[in-house]
Amino acid sequence: MSTIAMQSLETEPELNSNVVSINVGGQIFQTTKQTLTQAGPKSLLSQIAGTGSDRFVDRDPDHFSLLLSLLRSGALPSNSLSNPSQFDGFALQKSSVLPLNGRDCPSAIASTPFGSLHVSHGSKITSFDWSRTRKSTILTQFTAVDSLLALSPDIVAAGATDFSGLQILDLHGECVKQVLNWENSTRSGSTVQAIGSSGEFLFTSFESSRRNSNSILVYDLNTLNPVTEIGHNEIFGADLDSAIPATKLKWVSSYGLLMASGSHSGLSGVTGNIRFWDIRSGNVVFDLKEKVDCFADVCVSDNLNVLFKVGVNSGEVFNADLRRLGSVNNDADDNSNPWICLGDRRKVVNGKKEGFGCKIESHGNQVFCSKGWAIELWSEVAMGSDKTSEGQLKGRVFRKNLMGRVKDTGGLRITNLAFGGNKMFVTRKDQQAVEIWQGSTTRGF
């Protein structure tokens, strides 16, 4: 480094004691001590903030620029290392446990793409920043929060199946910004069954308090004004299909469709439906009716163009190619069944529901399914030239890997799975804490 550069680096603190200059791989960065201390009290950057000179870090300046952006705003640039397609589930290891105050176990969790986390437990919502060094808890009006969605680092949407209205909460200001309600025909309250979002819209599945009608409302994500209503059902007589509200909403960006799924348990077993909605026309594009081994949970992988479910009876993982759903005939025989079992096709013994309580989520190019205390990681295996002349895949092969060991988990059943950045968040039954499973990161900061 030149003498002039060294002098500038050493005299800067004298001009402004709050401004810090750091030489990273030959490139000078300027920031504040407060920003550097956001990395944690024991981090290298906090130590650098306390030194008066010789602030040199032998690392890639491009990577440091991303880290500095994260420290300043709590968010990474959209083209940065937070891209889910770069996520490697095989690198995940249980790294820490975040304890929660009180006796209530987590009922719902919501993460952001940058690793911050919101956890509902009882009537409280506890938030952790991306570094997990800052924690805050607010008290809500709910007895228990069943649905939680992060709209920004400080704003969440929260709802419950026994409390009317979707609440937009300001966690920093500890207040309710707005309450969104569905005006149903019976003019009764409207409870929240599920929440989802896209880059433009907020989706909410409502059911009337009398449980005789349900609907999905679409709101503008910025103004929270209602845009349209889809899937409105008024229940008459024994029309079971219309009595099932959507309990999971997922935006499929590659198709521009909203997936809405819901199920019902009755004397004849568990039945359900999975519908893909075009929100602009209000029409159903794909409609799957589940009668045999209905889903316990379902998810969509945008990257893989695949719909996944875990069967409530068998506990097996199934997949269906999204590109083939248009040919499904719900009134036809099993030849029209789009599902392909990825497991061993175990026979159900004594009517036991092996998949009850199982969760399934996709992140990047991989799928994660909870089975009791364990997590199955499913990844696609490339099979070379396995396409027909029309370019469609003849068969897709997925490989299963088991994550974790029972002695590390206490054998407690998993209740929630969520992903943010290179982290996986896990909650378990009767555990007042959240597990952090973290993937490989750039070391040294």
# chains A, B, ... in the order shown; residues from 1 in each chain; ligands from 1
$ select_by_dssp --residues "range 235-345 of chain A" --states "strand (DSSP E)" --output "MDAnalysis selection string"
chainID A and resid 248:252 257:266 269:278 283:290 295:301 306:311 317:321 340:341
$ write_last_selection --atoms "C-alpha atoms" --output "mmCIF file, in the first residue's frame"
data_model
loop_
_atom_site.group_PDB
_atom_site.id
_atom_site.type_symbol
_atom_site.label_atom_id
_atom_site.label_comp_id
_atom_site.auth_asym_id
_atom_site.auth_seq_id
_atom_site.Cartn_x
_atom_site.Cartn_y
_atom_site.Cartn_z
ATOM 1 C CA LYS A 248 -51.913 -23.848 2.276
ATOM 2 C CA LEU A 249 -51.186 -21.163 -0.334
ATOM 3 C CA LYS A 250 -48.093 -21.058 -2.505
ATOM 4 C CA TRP A 251 -47.303 -18.787 -5.442
ATOM 5 C CA VAL A 252 -45.754 -20.636 -8.414
ATOM 6 C CA LEU A 257 -50.426 -19.448 -10.699
ATOM 7 C CA LEU A 258 -51.508 -19.731 -7.073
ATOM 8 C CA MET A 259 -51.534 -23.217 -5.563
ATOM 9 C CA ALA A 260 -54.278 -23.681 -2.951
ATOM 10 C CA SER A 261 -54.657 -26.985 -1.108
ATOM 11 C CA GLY A 262 -57.005 -28.197 1.603
ATOM 12 C CA SER A 263 -58.201 -31.494 3.063
ATOM 13 C CA HIS A 264 -60.974 -32.875 5.250
ATOM 14 C CA SER A 265 -61.094 -35.918 7.519
ATOM 15 C CA GLY A 266 -64.412 -37.771 7.696
ATOM 16 C CA GLY A 269 -61.206 -41.169 5.351
ATOM 17 C CA VAL A 270 -59.229 -38.086 4.351
ATOM 18 C CA THR A 271 -60.148 -36.316 1.110
ATOM 19 C CA GLY A 272 -58.845 -33.074 -0.329
ATOM 20 C CA ASN A 273 -58.070 -30.997 -3.384
ATOM 21 C CA ILE A 274 -55.112 -29.154 -4.873
ATOM 22 C CA ARG A 275 -56.025 -26.318 -7.203
ATOM 23 C CA PHE A 276 -53.891 -23.995 -9.304
ATOM 24 C CA TRP A 277 -55.606 -20.638 -9.816
ATOM 25 C CA ASP A 278 -55.105 -17.986 -12.450
ATOM 26 C CA ASN A 283 -60.274 -19.692 -13.194
ATOM 27 C CA VAL A 284 -58.839 -23.009 -12.029
ATOM 28 C CA VAL A 285 -56.096 -24.183 -14.408
ATOM 29 C CA PHE A 286 -55.287 -27.520 -12.723
ATOM 30 C CA ASP A 287 -57.508 -29.365 -10.241
ATOM 31 C CA LEU A 288 -56.395 -32.510 -8.416
ATOM 32 C CA LYS A 289 -58.931 -34.296 -6.220
ATOM 33 C CA GLU A 290 -57.339 -36.440 -3.510
ATOM 34 C CA PHE A 295 -51.834 -35.532 1.221
ATOM 35 C CA ALA A 296 -50.834 -34.777 4.799
ATOM 36 C CA ASP A 297 -48.860 -31.855 3.367
ATOM 37 C CA VAL A 298 -47.993 -30.599 -0.107
ATOM 38 C CA CYS A 299 -45.425 -28.245 -1.672
ATOM 39 C CA VAL A 300 -44.334 -26.965 -5.085
ATOM 40 C CA SER A 301 -40.770 -26.720 -6.364
ATOM 41 C CA VAL A 306 -42.639 -30.619 -9.601
ATOM 42 C CA LEU A 307 -45.502 -30.904 -7.118
ATOM 43 C CA PHE A 308 -44.687 -32.985 -4.019
ATOM 44 C CA LYS A 309 -46.910 -34.511 -1.346
ATOM 45 C CA VAL A 310 -46.555 -36.827 1.637
ATOM 46 C CA GLY A 311 -49.402 -39.334 1.826
ATOM 47 C CA VAL A 317 -43.348 -38.985 -0.599
ATOM 48 C CA PHE A 318 -44.942 -38.639 -4.055
ATOM 49 C CA ASN A 319 -44.226 -36.288 -6.941
ATOM 50 C CA ALA A 320 -46.178 -35.067 -9.960
ATOM 51 C CA ASP A 321 -44.664 -33.267 -12.953
ATOM 52 C CA ILE A 340 -45.320 -41.227 -8.645
ATOM 53 C CA CYS A 341 -44.245 -42.757 -5.340
#
$ residues_around --residues "Ile155 in chain A" --least-positions-apart "6" --cutoff "12 Å" --atoms "only C-alpha atoms" --output "PyMOL selection string"
chain A and resi 110-112+117-118+125+127+148-149+167-178+221-222
$ atom_distance --atom1 "CA of Ser123 in chain A" --atom2 "CA of Ala158 in chain A"
11.0 Å
$ residues_around --residues "Gln93 in chain A" --least-positions-apart "3" --cutoff "7 Å" --atoms "only C-alpha atoms" --output "MDAnalysis selection string"
chainID A and resid 437:439
$ write_last_selection --atoms "C-alpha atoms" --output "mmCIF file, in the first residue's frame"
data_model
loop_
_atom_site.group_PDB
_atom_site.id
_atom_site.type_symbol
_atom_site.label_atom_id
_atom_site.label_comp_id
_atom_site.auth_asym_id
_atom_site.auth_seq_id
_atom_site.Cartn_x
_atom_site.Cartn_y
_atom_site.Cartn_z
ATOM 1 C CA TRP A 437 -29.455 -25.871 10.683
ATOM 2 C CA GLN A 438 -26.863 -23.912 8.723
ATOM 3 C CA GLY A 439 -25.115 -24.606 5.449
#
$ closest_residue --among "A:Lys423, A:Arg399, A:Lys33, A:Arg134" --to "Ser17 in chain A" --atoms "only C-alpha atoms"
A:Lys33
$ closest_residue --among "A:Gly231, A:Pro61, A:Ile414, A:Asp129" --to "Gly26 in chain A" --atoms "only C-alpha atoms"
A:Pro61
$ atom_distance --atom1 "CA of Ile375 in chain A" --atom2 "CA of Arg132 in chain A"
23.4 Å
$ atom_distance --atom1 "CA of Val145 in chain A" --atom2 "CA of Arg187 in chain A"
23.1 Å
$ closest_residue --among "A:Lys353, A:Arg324, A:Arg413, A:Arg405" --to "Lys371 in chain A" --atoms "only C-alpha atoms"
A:Arg413
$ closest_residue --among "A:Ala374, A:Leu417, A:Val156, A:Leu342" --to "Glu435 in chain A" --atoms "only C-alpha atoms"
A:Leu417
